[in-house]
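Novice: Pasting a structure below so you can have a look.
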Amino acid sequence: MAKVLMKGNEAIGAAAIKAGCRFFFGYPITPQNELPEYMSRELPKVGGTFLQAESEVAAINMVYGAAGAGARVMTSSSSPGISLKAEGISYIAGAELPCLIVNIVRGGPGLGGIQPAQSDYFLATKAAGHGDFRLVVLAPASIQEMTDLVMESFDIADQYRNPVMVIGDGMLGQMMEPVELREPKKRDLPAKDWATTGTAGRNYRNVINSLALDPAELEKHNLKLQAKYREIEKNEVKYEVYNCDNPDIIAVAYGTTSRIVKNVIGKCKEEGINVGLIRPISLWPFPYDVINEYADRTKAFLSVEMSTGQMIDDIKIGANGKKPVYFYGRTGGMVPEPDGIMAEIKKILGGAK
Amino acid sequence: MAKVLMKGNEAIGAAAIKAGCRFFFGYPITPQNELPEYMSRELPKVGGTFLQAESEVAAINMVYGAAGAGARVMTSSSSPGISLKAEGISYIAGAELPCLIVNIVRGGPGLGGIQPAQSDYFLATKAAGHGDFRLVVLAPASIQEMTDLVMESFDIADQYRNPVMVIGDGMLGQMMEPVELREPKKRDLPAKDWATTGTAGRNYRNVINSLALDPAELEKHNLKLQAKYREIEKNEVKYEVYNCDNPDIIAVAYGTTSRIVKNVIGKCKEEGINVGLIRPISLWPFPYDVINEYADRTKAFLSVEMSTGQMIDDIKIGANGKKPVYFYGRTGGMVPEPDGIMAEIKKILGGAK
Amino acid sequence: MAEQVFKRTKGLTERPFHYCPGCTHGIIHRLVAEVLEELGVLEKSVGVAPVGCSVLAYDYFNCDMHEASHGRAPAVATGIKRVLPDRVVFTYQGDGDLASIGTAEIVHAAMRGEKFTTIFVNNAIYGMTGGQMAPTTLVGQKATTAPYGRQKDHAGNPIRMSEMLSTLDGAAFIERVSVNSPANIRKAKKAIKKAFEVQLEGKGFSMVEVLSTCPTNWGMTPKEAIKWLEDNMIPYYPLGNFKSPEEVK
Amino acid sequence: MAEQVFKRTKGLTERPFHYCPGCTHGIIHRLVAEVLEELGVLEKSVGVAPVGCSVLAYDYFNCDMHEASHGRAPAVATGIKRVLPDRVVFTYQGDGDLASIGTAEIVHAAMRGEKFTTIFVNNAIYGMTGGQMAPTTLVGQKATTAPYGRQKDHAGNPIRMSEMLSTLDGAAFIERVSVNSPANIRKAKKAIKKAFEVQLEGKGFSMVEVLSTCPTNWGMTPKEAIKWLEDNMIPYYPLGNFKSPEEVK
Amino acid sequence: MLNEQIIMAGFGGQGVMSMGQLLAYAGMLEGKDVSWLPSYGPEMRGGTANCSVIVSDTPVGSPIVTEATAVIAMNRPSLDKFEPVLKTDGLLLINSSLIDRKANRNDVKVLEIPANEIANELGSGKVANMVVLGAYLEASKALKIDSVMEALKKVFGPSKEHLLPTNKAALERGAEIAKNLK
Amino acid sequence: MLNEQIIMAGFGGQGVMSMGQLLAYAGMLEGKDVSWLPSYGPEMRGGTANCSVIVSDTPVGSPIVTEATAVIAMNRPSLDKFEPVLKTDGLLLINSSLIDRKANRNDVKVLEIPANEIANELGSGKVANMVVLGAYLEASKALKIDSVMEALKKVFGPSKEHLLPTNKAALERGAEIAKNLK
Amino acid sequence: MAKVKGKVTFKEELCKGCELCTTVCPVNIVKMAEDRINVKGYHPATVYEMEKCIACGNCATICPDTVIEVEREKEDK
Amino acid sequence: MAKVKGKVTFKEELCKGCELCTTVCPVNIVKMAEDRINVKGYHPATVYEMEKCIACGNCATICPDTVIEVEREKEDK
Ligand SMILES: Cc1ncc(C[n+]2csc(CCOP(=O)(O)OP(=O)(O)O)c2C)c(N)n1
Ligand SMILES: Cc1ncc(C[n+]2csc(CCOP(=O)(O)OP(=O)(O)O)c2C)c(N)n1
Ligand code: SF4
Ligand code: SF4
Ligand code: SF4
Ligand code: SF4
């Protein structure tokens, strides 16, 4: 397929449809509206269904129902709307249903603003709801990667029977870049023989459920989930290591922020400072081992985020005290500027040299 | 006041009323129902208002309104209900309003079960909603401490204009112990001159709000919040250090789990193993420094949780690679048994000696 | 020759109900199950269980089941039905579930005319969690969160969901029934059957509100509970049909 | 001697509205502000702003204001009014806010008979977010999430909130008005005044639904929008009083 | 040093929970550290109920009793469930009115009390729990009957004061039996 | 090596956004790496609009333009806001039809284009953006007019094909002016 | 008219002793068996004078726990 | 009856040129000032033949942006 120029939000929709997603339930919120709008236009053309739900709570529960019925289904929202989906996400994870949840993050807390942010890192990776569960969280840095990851996310979800979140920021949702929709590498996907499609043709009932009143049973279920998470941690860690052969410092950044860091790397080179970049692509599972390994080759890490510092916790856990972890961030919809990052790097290296 | 024997959930109510809380908005959910029930009985007697909301979402927004109007107000729920409050909590934190949120945690994810758990640690300490914000999170280990902390929590909330979460588990909510309601140490509390009580008598309007469409303004607001959080981190870290003079290993546990660990400490002594305990009382701000300091005196840490391992992340950050951090936990409503913990300790020390 | 006039329906699994003695949830379960069997749709049915005493409904109905989050059964059912338009989908919900936390979801499913059937069990209380006030609790009725009885000035008059939902065009069939006597139980079954037929004919949203008892949390014997329902609930919640496909615009 | 027959009310701050040219939000703001001024309650009023185009209402009403989360203004207002029963509390909400995400909150505030006033601005679309379908969007009307026009089979007929809420006993006063002409604007103001009076008399929940335009997202000039409202909205959303205190049981 | 770890179990309506609370209350009145922990959940509805009580001279660690110093079994399922939890030399009280089997353990001290019969003799089937409690107090010497009576007085309040004598009699009859069985 | 970092700004309705998209599209057709980033938010409603376009021989890093190689200002507020962002020796295109001031910077190359006048001459006020774009293409030599035309053809589709000639004329007139101003 | 004779069977182990069936029998023959307790701990419902049963099905209709099945014995045919 | 005379003032800088006021004037004197643009970028509404104004207030009533104030000049008194 030839490349086309697409808006991030629309590219997500195109990729999802290409991946066989035929159901979208959502509720409007800036800055992701182009995605539901695209779906409302395009899904009917392929026999799919777009339904605007009465709220985010309803939307995630529609996804819960549709996923239980065996469909490839997705929803999307932005920060406050994702908060509202927290209970439903926990149910979907508990019931082990596959689906895609897109979060085009905006500045918070509360109503906040509508400009790009990365302040839902904790929400996405640690606590998208109550209880012990995990979402696979994928953070693309370009529209091309976004479409690749969206398409793969449906396979990952189906393979592990687990919800996947693709996380972007308002910038990534709004910008246009050339994309080519390309199939992900083929996975062996299990049949959805657990789906509630009616018992006709089978001699057992299917029940979608997250309740276990007996704590021993609920613990067993949790241990099963944990075993699955260990499996995902083994198989699905994704990251990019860039210019890390001999770095003075390694910046860690994801999404659009990582692109700004790449600019900084170029600028720093001009001044003889060698900055590396580790870019987590899967925020969960987080590439702890990669951080740990590169801790031996750098003087320090710098977490660059559009937040007041959330991923830094994971970097610290990965670095495990081997090297100091610094932070530079902008928040509330402000975007880190190369100069600011560079100044921070110089400050750190001045101190760390 | 003489001691009385009280159920944990009711003791929370009694303490809140003693602390001047006159408004309670909530929605039923096991295992915290005795608290709203107590409030529905007792609040009218002191001229207060108990209102059962139509949902947790409505309840937290009623709290939002009442707190904005200047009242001492609280709500309570258990895990799935707290998930539903996520958006509202983020608004309250964003608008800097004081209130108390009680979470009597139960097994998850999803509907899960109703037996005690600690699997909302992440939710409480990292991401009770979207955006960069923090709740003060207090985790009592006894009914007496629960009443002390509940009373203090209203002062903390008022002092910093920040929501506070008191977190317990089903066990703490259901059990009875002797309590004495005692005033916390007096704090200088600022006047609530920001409350929306009508402009009569002042020449400015009060506006409760968390929106800032201009990202520069929103960043400024966030930096103000962060400055406040640094202040709280400086002033409000609470913890207990127990038997840590010369430990072979230090267990880190909070809430009822810490009491089980205390039993284990006794048992281990009998076998010549010296186990220390660091008990975070404030889960946020977390006593990172204490962990770091004691890392120099122990061979290892063991995080004991009623979850699959959440607080362990903070212990690792605190230990900063100085000593290994192990984990022992039960989940889904199962409670760690002393024997299990002991066996784990022996296994670790066998390896670590 | 003996003829079976009443035998256990295949619409139910073998699992004994966990409900309290005399709780009419059991009757309502049976009626729904019988209707599914009689309409011959068991194999193509997907039921949605609520959060409430009937949360374990997924153990009882002999068809595929989906356990929803509290109040959101209509959204879950919407998701299922949109994916599987030729299956029979129903929700089974209590009054806390449907009339309190789930108000938005039931209103909008009805507005959209979602083609599923809702069995709404109104027992004027929160059973599962121990007798807290429901939006349907009667004025003066005591509940664990209304220890002095529901007061109109404080909590308003109870909500009549059938009447309210009947104002929506998408609601094709709405009827309120009661299971307090064999005669009313038979009427209830007819209404439930009709509701499923409306679904099968694709006419829109259908709901049967069933007045039900909660002896445990009302603090009564099952017999007293039936009488209390007759004396107090039926007068406030009049039985009858509120909407039929003929009236659908 | 000159007499001022129309001057800017003290109920509004000096801040110019951010609304689009011809958007009738501005008219409705002014009416509410005038009523507050005329009733002499500005100093004891607390308004609740929604999430929607009127989110910045807190900048305009010259009284204390609280910006709610999307759809939850009635819950926020409940919290305020319960704390301050002698203040005048109102919510100002759009149709996405009130009739979609906030359905449960408005229904239950009305059921409880909460003593505040709701100004419900029905413009049949989501303005703030760029013209998505609202529950009040008319059948056939295009929206960015209904690019082929709202279809009854897919999304149902639009919801009539005034009619639905009127079934609730706690709703003391409900009226639908429109701001398409000077005459109707004057009627709208009367209704708004009445609604606040009902609150002041402690009679229960009061709401005025105001049919409003959104030229921007309807893709029309302001003049065309007024005409479209008259030709399409008023026939489906009949103007008039649906509930008055006399009828309150 | 006192460190009583008691599990009490029976079916709903046998007053197992209030018996435990009373014991904890009495312990508190005697200046002990105490805790009372109920099992909770839907299984309680019409089903079985149990609680753990700790009465101790030192601060109570975990409120969960994993090795009981005493088990009070008011019905058969309770005996089956909790007999194994009793520690060696612990005290096993069996309500022989409703339990048709003997104890399996022989490393513990067993007291069989026909609690319902005695309660009926006293004219109130409801005080069967107090009979067993009396037996427990006598056999364990943990707390004084007077303290339990004082606790009961506070719990009952003036409106139910007339019930005190029967309860006292029940406690004493239980104690008597325990003394005789020694 | 090509690395154009352009900011285009004006008020809503001036076609600033589509001009940016067209440029990015043309860049893609010429095999360049490109990105287009709009400003978004409520301030856009009836207010100002701007977008950043990057056209580069190497992969695009950050899509945000913080040091522009070119700024196209279609109205006065845009000039005020973005003139300072232009780097030394950068290209400043001013729509002199609507902007009543001169450039303040003298370390950059300035092109004043009476875009609206020219567009009106061409019979369609709407192509003012194409006039400026043509000027930019000529002055920067970044991409070929033909590529933009090809992009336009794809964007318009057959239904709007009749608009192509006017657009082409606009691009060419713009280019001509730029050439003459050199 | 041929007199209808009925037969009622109780799955006693399912009975919760709610007594609802005893209130709806037109010939008043459904009683609680005070002499025995089932596995659930309840006195189960039963019928002592089965010959009076007219197979109306009322007891089964109101039983919440599907304890009761009813057969009709057709006299002739 | 004394003829009522009115006077309308426009806070031109607030006007958004929506033209609604022009549609409701009974004497049809409210017009858009095509000759000028205000700070917001719109042709503002105005009245050229003020003497015809009857002070009905319609224009001010429908103006969404509180641009218009109206005075009535009482002829006598
Ligand atoms: C989000 C959430 N809130 C609250 C609860 C607790 N809860 C469980 S069932 C229930 C209400 C049940 O009442 P109803 O719907 O009337 O059904 P019934 O039990 O009376 O049949 C509640 C509040 C929950 N599980 N999840
Ligand atoms: C929880 C949440 N969901 C969605 C949004 C996005 N949002 C902002 S305003 C709005 C709808 C506005 O429509 P309406 O209430 O009709 O008011 P109008 O703008 O038309 O006046 C939405 C969906 C949000 N801010 N928060
Ligand atoms: S609590 Fe009430 S509703 Fe629930 S099973 Fe028991 S009687 Fe039925
Ligand atoms: S978008 Fe619509 S509702 Fe919002 S201000 Fe503009 S015209 Fe008014
Ligand atoms: S109605 Fe059923 S459960 Fe109740 S007593 Fe009769 S047989 Fe037993
Ligand atoms: S109605 Fe108001 S804003 Fe609109 S044109 Fe007239 S004066 Fe201007």
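So you can find residues: chains in the structure tokens are A, B, ... in the order shown, residues in each start at 1, and ligands are numbered from 1 in order.
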Need the shell around C:Glu105: protein/DNA/RNA residues with any atom at most 7 Å away, counting only C-alpha atoms. Skip same-chain ones fewer than 2 positions apart. Format as a list in words?

Specialist: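 Everything that qualifies: Ala58 of chain A; Arg72, Pro74, Ala75, Gly102, Thr103, Val107, His108 and Ala109 of chain C.
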
Novice: Around ligand 6, which protein and nucleic acid residues have at least one atom no more than 8 Å from it, if we count only C-alpha atoms and all ligand atoms? List them as an MDAnalysis selection string.

Specialist: (chainID D and resid 21:22) or (chainID H and resid 10:12 14:22 30 32 44:46 59:60 62:68)

Novice: Which residue, F:Ser96, F:Gly41, F:Gly134, F:Gly61, has the smallest gap to chain B when you use only C-alpha atoms?

Specialist: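 Looking only at the distances to chain B, the closest residue turns out to be F:Gly41.
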
Novice: Residues of chain B that have any atom at most 7 Å from an atom of chain A: could you tabulate them with the shortest-distance atom pair and the distance in Å to one decimal, using only C-alpha atoms, ordered by chain and increasing number, as CSV?

Specialist:
residue,atom,partner,partner_atom,distance
B:Ser79,CA,A:His130,CA,5.5
B:Pro80,CA,A:Glu87,CA,5.7
B:Ser83,CA,A:Glu87,CA,5.0
B:Leu84,CA,A:Glu87,CA,5.8
B:Ala86,CA,A:Ser83,CA,5.4
B:Glu87,CA,A:Ser83,CA,5.0
B:Ser90,CA,A:Gly110,CA,4.8
B:Tyr91,CA,A:Gly110,CA,3.6
B:Gly94,CA,A:Pro109,CA,5.1
B:Gly107,CA,A:Gly131,CA,6.6
B:Gly108,CA,A:Gly131,CA,4.2
B:Pro109,CA,A:Gly131,CA,4.2
B:Gly110,CA,A:Tyr91,CA,3.7
B:Leu111,CA,A:Leu211,CA,5.1
B:Gly112,CA,A:Leu211,CA,4.5
B:Gly113,CA,A:Leu213,CA,4.8
B:Ile114,CA,A:Leu213,CA,6.9
B:Gln115,CA,A:Pro215,CA,6.7
B:Ser119,CA,A:Gly131,CA,4.8
B:Asp120,CA,A:His130,CA,5.4
B:Phe122,CA,A:Ala127,CA,5.7
B:Leu123,CA,A:Ala127,CA,5.1
B:Lys126,CA,A:Phe122,CA,6.0
B:Ala127,CA,A:Leu123,CA,5.1
B:Gly129,CA,A:Ser83,CA,5.4
B:His130,CA,A:Asp120,CA,5.4
B:Gly131,CA,A:Gly108,CA,4.2
B:Asp132,CA,A:Ser119,CA,5.6
B:Phe133,CA,A:Pro109,CA,6.5
B:Ser210,CA,A:Gly110,CA,5.4
B:Leu211,CA,A:Gly112,CA,4.6
B:Ala212,CA,A:Gly113,CA,5.6
B:Leu213,CA,A:Gly113,CA,4.9
B:Pro215,CA,A:Gly333,CA,4.8
B:Ala216,CA,A:Met334,CA,6.5
B:Leu218,CA,A:Gly332,CA,4.8
B:Glu219,CA,A:Gly332,CA,4.4
B:Asn222,CA,A:Gly332,CA,6.7
B:Ser307,CA,A:Asp132,CA,6.7
B:Thr308,CA,A:Asp132,CA,6.5
B:Lys316,CA,A:Ile317,CA,6.3
B:Ile317,CA,A:Ile317,CA,6.0
B:Asn320,CA,A:Gly321,CA,4.5
B:Gly321,CA,A:Asn320,CA,4.5
B:Thr331,CA,A:Glu219,CA,5.3
B:Gly332,CA,A:Glu219,CA,4.4
B:Gly333,CA,A:Pro215,CA,4.8
B:Met334,CA,A:Pro215,CA,5.6

Novice: What residues in chain D lie within 6 Å of chain H, counting only C-alpha atoms, written as a PyMOL selection string?

Specialist: chain D and resi 1-7+21-22+24+26-27+182+222

Novice: Can I get the selected residues back with all heavy atoms, as a short mmCIF file (atom, residue, chain, number, x, y, z; two decimals), in the first residue's frame?

Specialist:
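Now in part.cif:
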data_model
loop_
_atom_site.label_atom_id
_atom_site.label_comp_id
_atom_site.auth_asym_id
_atom_site.auth_seq_id
_atom_site.Cartn_x
_atom_site.Cartn_y
_atom_site.Cartn_z
N MET D 1 -36.75 63.63 29.74
CA MET D 1 -35.88 62.80 30.60
C MET D 1 -35.75 61.39 30.03
O MET D 1 -36.75 60.79 29.65
CB MET D 1 -36.49 62.74 32.01
CG MET D 1 -35.45 62.43 33.08
SD MET D 1 -36.29 61.89 34.61
CE MET D 1 -36.55 60.17 34.26
N ALA D 2 -34.57 60.91 29.99
CA ALA D 2 -34.37 59.58 29.41
C ALA D 2 -34.46 58.50 30.47
O ALA D 2 -33.93 58.64 31.57
CB ALA D 2 -33.00 59.51 28.73
N GLU D 3 -35.14 57.44 30.08
CA GLU D 3 -35.27 56.31 31.00
C GLU D 3 -34.59 55.10 30.35
O GLU D 3 -34.80 54.80 29.18
CB GLU D 3 -36.76 56.04 31.22
CG GLU D 3 -37.08 54.84 32.06
CD GLU D 3 -38.47 54.29 31.70
OE1 GLU D 3 -39.00 54.70 30.63
OE2 GLU D 3 -38.99 53.45 32.44
N GLN D 4 -33.79 54.42 31.12
CA GLN D 4 -33.06 53.28 30.59
C GLN D 4 -34.04 52.11 30.48
O GLN D 4 -34.56 51.63 31.49
CB GLN D 4 -31.91 52.92 31.56
CG GLN D 4 -30.85 52.06 30.96
CD GLN D 4 -29.70 52.90 30.38
OE1 GLN D 4 -29.50 54.05 30.76
NE2 GLN D 4 -28.99 52.34 29.43
N VAL D 5 -34.36 51.67 29.28
CA VAL D 5 -35.26 50.51 29.19
C VAL D 5 -34.50 49.21 29.06
O VAL D 5 -35.03 48.14 29.29
CB VAL D 5 -36.26 50.63 28.01
CG1 VAL D 5 -37.26 51.73 28.28
CG2 VAL D 5 -35.54 50.83 26.71
N PHE D 6 -33.25 49.32 28.68
CA PHE D 6 -32.48 48.08 28.57
C PHE D 6 -31.03 48.38 28.85
O PHE D 6 -30.37 49.07 28.10
CB PHE D 6 -32.63 47.48 27.17
CG PHE D 6 -32.39 46.03 27.16
CD1 PHE D 6 -33.45 45.13 27.05
CD2 PHE D 6 -31.11 45.51 27.33
CE1 PHE D 6 -33.24 43.78 27.09
CE2 PHE D 6 -30.89 44.16 27.37
CZ PHE D 6 -31.95 43.29 27.23
N LYS D 7 -30.56 47.88 29.97
CA LYS D 7 -29.13 48.08 30.21
C LYS D 7 -28.52 46.79 30.75
O LYS D 7 -29.21 45.90 31.22
CB LYS D 7 -28.91 49.26 31.14
CG LYS D 7 -29.38 49.09 32.56
CD LYS D 7 -28.69 50.13 33.43
CE LYS D 7 -28.85 49.82 34.90
NZ LYS D 7 -29.76 50.72 35.62
N PRO D 21 -20.37 33.92 17.31
CA PRO D 21 -21.35 34.93 16.90
C PRO D 21 -22.75 34.32 16.78
O PRO D 21 -22.92 33.26 16.19
CB PRO D 21 -20.84 35.36 15.53
CG PRO D 21 -19.37 35.07 15.55
CD PRO D 21 -19.22 33.86 16.41
N GLY D 22 -23.70 34.97 17.42
CA GLY D 22 -25.09 34.53 17.28
C GLY D 22 -25.47 33.36 18.15
O GLY D 22 -26.62 32.91 18.12
N THR D 24 -26.92 31.55 21.10
CA THR D 24 -27.90 32.06 22.05
C THR D 24 -27.56 31.75 23.50
O THR D 24 -28.30 32.15 24.40
CB THR D 24 -29.30 31.55 21.68
OG1 THR D 24 -29.25 30.15 21.40
CG2 THR D 24 -29.82 32.27 20.43
N GLY D 26 -25.50 33.31 25.02
CA GLY D 26 -25.34 34.65 25.57
C GLY D 26 -26.66 35.22 26.06
O GLY D 26 -26.74 35.85 27.12
N ILE D 27 -27.72 35.00 25.27
CA ILE D 27 -29.03 35.50 25.68
C ILE D 27 -29.45 34.84 26.99
O ILE D 27 -29.92 35.48 27.93
CB ILE D 27 -30.09 35.19 24.59
CG1 ILE D 27 -29.65 35.81 23.25
CG2 ILE D 27 -31.46 35.70 25.01
CD1 ILE D 27 -30.61 35.49 22.10
N PRO D 182 -37.82 37.96 20.30
CA PRO D 182 -37.97 38.78 21.51
C PRO D 182 -39.14 38.32 22.37
O PRO D 182 -39.02 38.26 23.60
CB PRO D 182 -38.19 40.19 20.95
CG PRO D 182 -37.45 40.18 19.65
CD PRO D 182 -37.64 38.79 19.10
N PRO D 222 -26.17 32.66 12.03
CA PRO D 222 -27.05 32.80 13.20
C PRO D 222 -28.53 32.96 12.81
O PRO D 222 -29.40 32.40 13.46
CB PRO D 222 -26.51 34.07 13.87
CG PRO D 222 -25.06 34.09 13.51
CD PRO D 222 -24.99 33.54 12.11
#

Novice: Using DSSP assignments from the backbone, pull out every residue in chain H that falls under strand (DSSP E) and give it to me as a ChimeraX atom specification.

Specialist: /H:5-10,30-32,45-47,68-73

Novice: In Å, rounded to a single decimal, give me how far atom CA of F:Met74 is from atom CA of F:Ala49.

Specialist: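 Taking atom CA of F:Ala49 as the start and atom CA of F:Met74 as the end point, the length is 10.0 Å.
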
Novice: What gap, in Å, lies between atom CA of A:Tyr254 and atom CA of A:Glu344?

Specialist: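 Between these atoms lies a distance of 17.9 Å.
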
Novice: With distances taken over only C-alpha atoms, which residue among D:Ile192, D:Ala146, D:Ala77, D:Cys23 lies nearest chain A?

Specialist: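 Selected residue with least distance to chain A: D:Ala146.
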
Novice: For a quick check of understanding, using only C-alpha atoms, which of H:Ile29, H:Val47, H:Val39, H:Val4 has the smallest distance to chain F?

Specialist: H:Val39

Novice: Using only C-alpha atoms and all ligand atoms, find each residue with an atom at most 7 Å away from ligand 4 and format the answer as a ChimeraX atom specification.

Specialist: /D:18-25,53,123,127-128,130,213-217

Novice: Take the residues that were just selected and, keeping N, CA and C atoms, output them as a PDB file, in the first residue's frame.

Specialist:
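Saved the output as result36.pdb:
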ATOM      1  N   HIS D  18     -17.252  34.417  25.350  1.00  0.00           N
ATOM      2  CA  HIS D  18     -16.391  33.788  24.345  1.00  0.00           C
ATOM      3  C   HIS D  18     -17.221  33.052  23.293  1.00  0.00           C
ATOM      4  N   TYR D  19     -18.547  33.111  23.429  1.00  0.00           N
ATOM      5  CA  TYR D  19     -19.379  32.302  22.539  1.00  0.00           C
ATOM      6  C   TYR D  19     -19.267  32.742  21.083  1.00  0.00           C
ATOM      7  N   CYS D  20     -19.604  31.845  20.194  1.00  0.00           N
ATOM      8  CA  CYS D  20     -19.563  32.145  18.763  1.00  0.00           C
ATOM      9  C   CYS D  20     -20.586  33.230  18.427  1.00  0.00           C
ATOM     10  N   PRO D  21     -20.374  33.919  17.309  1.00  0.00           N
ATOM     11  CA  PRO D  21     -21.353  34.928  16.897  1.00  0.00           C
ATOM     12  C   PRO D  21     -22.748  34.323  16.784  1.00  0.00           C
ATOM     13  N   GLY D  22     -23.704  34.970  17.416  1.00  0.00           N
ATOM     14  CA  GLY D  22     -25.086  34.532  17.275  1.00  0.00           C
ATOM     15  C   GLY D  22     -25.475  33.357  18.147  1.00  0.00           C
ATOM     16  N   CYS D  23     -24.544  32.841  18.917  1.00  0.00           N
ATOM     17  CA  CYS D  23     -24.881  31.721  19.807  1.00  0.00           C
ATOM     18  C   CYS D  23     -25.795  32.227  20.910  1.00  0.00           C
ATOM     19  N   THR D  24     -26.916  31.550  21.100  1.00  0.00           N
ATOM     20  CA  THR D  24     -27.901  32.059  22.048  1.00  0.00           C
ATOM     21  C   THR D  24     -27.565  31.750  23.505  1.00  0.00           C
ATOM     22  N   HIS D  25     -26.458  31.053  23.751  1.00  0.00           N
ATOM     23  CA  HIS D  25     -25.984  30.933  25.138  1.00  0.00           C
ATOM     24  C   HIS D  25     -25.944  32.314  25.802  1.00  0.00           C
ATOM     25  N   CYS D  53     -19.824  24.232  26.155  1.00  0.00           N
ATOM     26  CA  CYS D  53     -19.430  25.567  25.742  1.00  0.00           C
ATOM     27  C   CYS D  53     -19.552  26.560  26.878  1.00  0.00           C
ATOM     28  N   ASN D 123     -29.359  22.606  22.695  1.00  0.00           N
ATOM     29  CA  ASN D 123     -29.059  23.062  21.334  1.00  0.00           C
ATOM     30  C   ASN D 123     -28.863  21.881  20.381  1.00  0.00           C
ATOM     31  N   GLY D 127     -21.644  21.301  21.440  1.00  0.00           N
ATOM     32  CA  GLY D 127     -20.984  22.460  20.876  1.00  0.00           C
ATOM     33  C   GLY D 127     -19.480  22.429  21.117  1.00  0.00           C
ATOM     34  N   MET D 128     -19.117  22.425  22.376  1.00  0.00           N
ATOM     35  CA  MET D 128     -17.719  22.549  22.805  1.00  0.00           C
ATOM     36  C   MET D 128     -16.758  21.629  22.076  1.00  0.00           C
ATOM     37  N   GLY D 130     -17.178  20.094  19.204  1.00  0.00           N
ATOM     38  CA  GLY D 130     -17.134  20.155  17.751  1.00  0.00           C
ATOM     39  C   GLY D 130     -18.265  19.461  17.023  1.00  0.00           C
ATOM     40  N   THR D 213     -29.534  27.823  19.951  1.00  0.00           N
ATOM     41  CA  THR D 213     -28.897  27.527  18.665  1.00  0.00           C
ATOM     42  C   THR D 213     -27.411  27.266  18.832  1.00  0.00           C
ATOM     43  N   CYS D 214     -26.848  26.576  17.859  1.00  0.00           N
ATOM     44  CA  CYS D 214     -25.399  26.429  17.768  1.00  0.00           C
ATOM     45  C   CYS D 214     -25.022  26.625  16.307  1.00  0.00           C
ATOM     46  N   PRO D 215     -25.045  27.906  15.867  1.00  0.00           N
ATOM     47  CA  PRO D 215     -24.791  28.170  14.454  1.00  0.00           C
ATOM     48  C   PRO D 215     -23.526  27.474  13.956  1.00  0.00           C
ATOM     49  N   THR D 216     -22.476  27.532  14.755  1.00  0.00           N
ATOM     50  CA  THR D 216     -21.181  26.989  14.339  1.00  0.00           C
ATOM     51  C   THR D 216     -21.291  25.523  13.959  1.00  0.00           C
ATOM     52  N   ASN D 217     -21.832  24.731  14.873  1.00  0.00           N
ATOM     53  CA  ASN D 217     -21.835  23.305  14.612  1.00  0.00           C
ATOM     54  C   ASN D 217     -23.031  22.831  13.798  1.00  0.00           C
TER      55      ASN D 217
END

Novice: Write down as a PyMOL selection string the residues of chain G whose backbone DSSP state falls under helix (DSSP H, G or I).

Specialist: chain G and resi 12-14+21-23+50-52+58-62
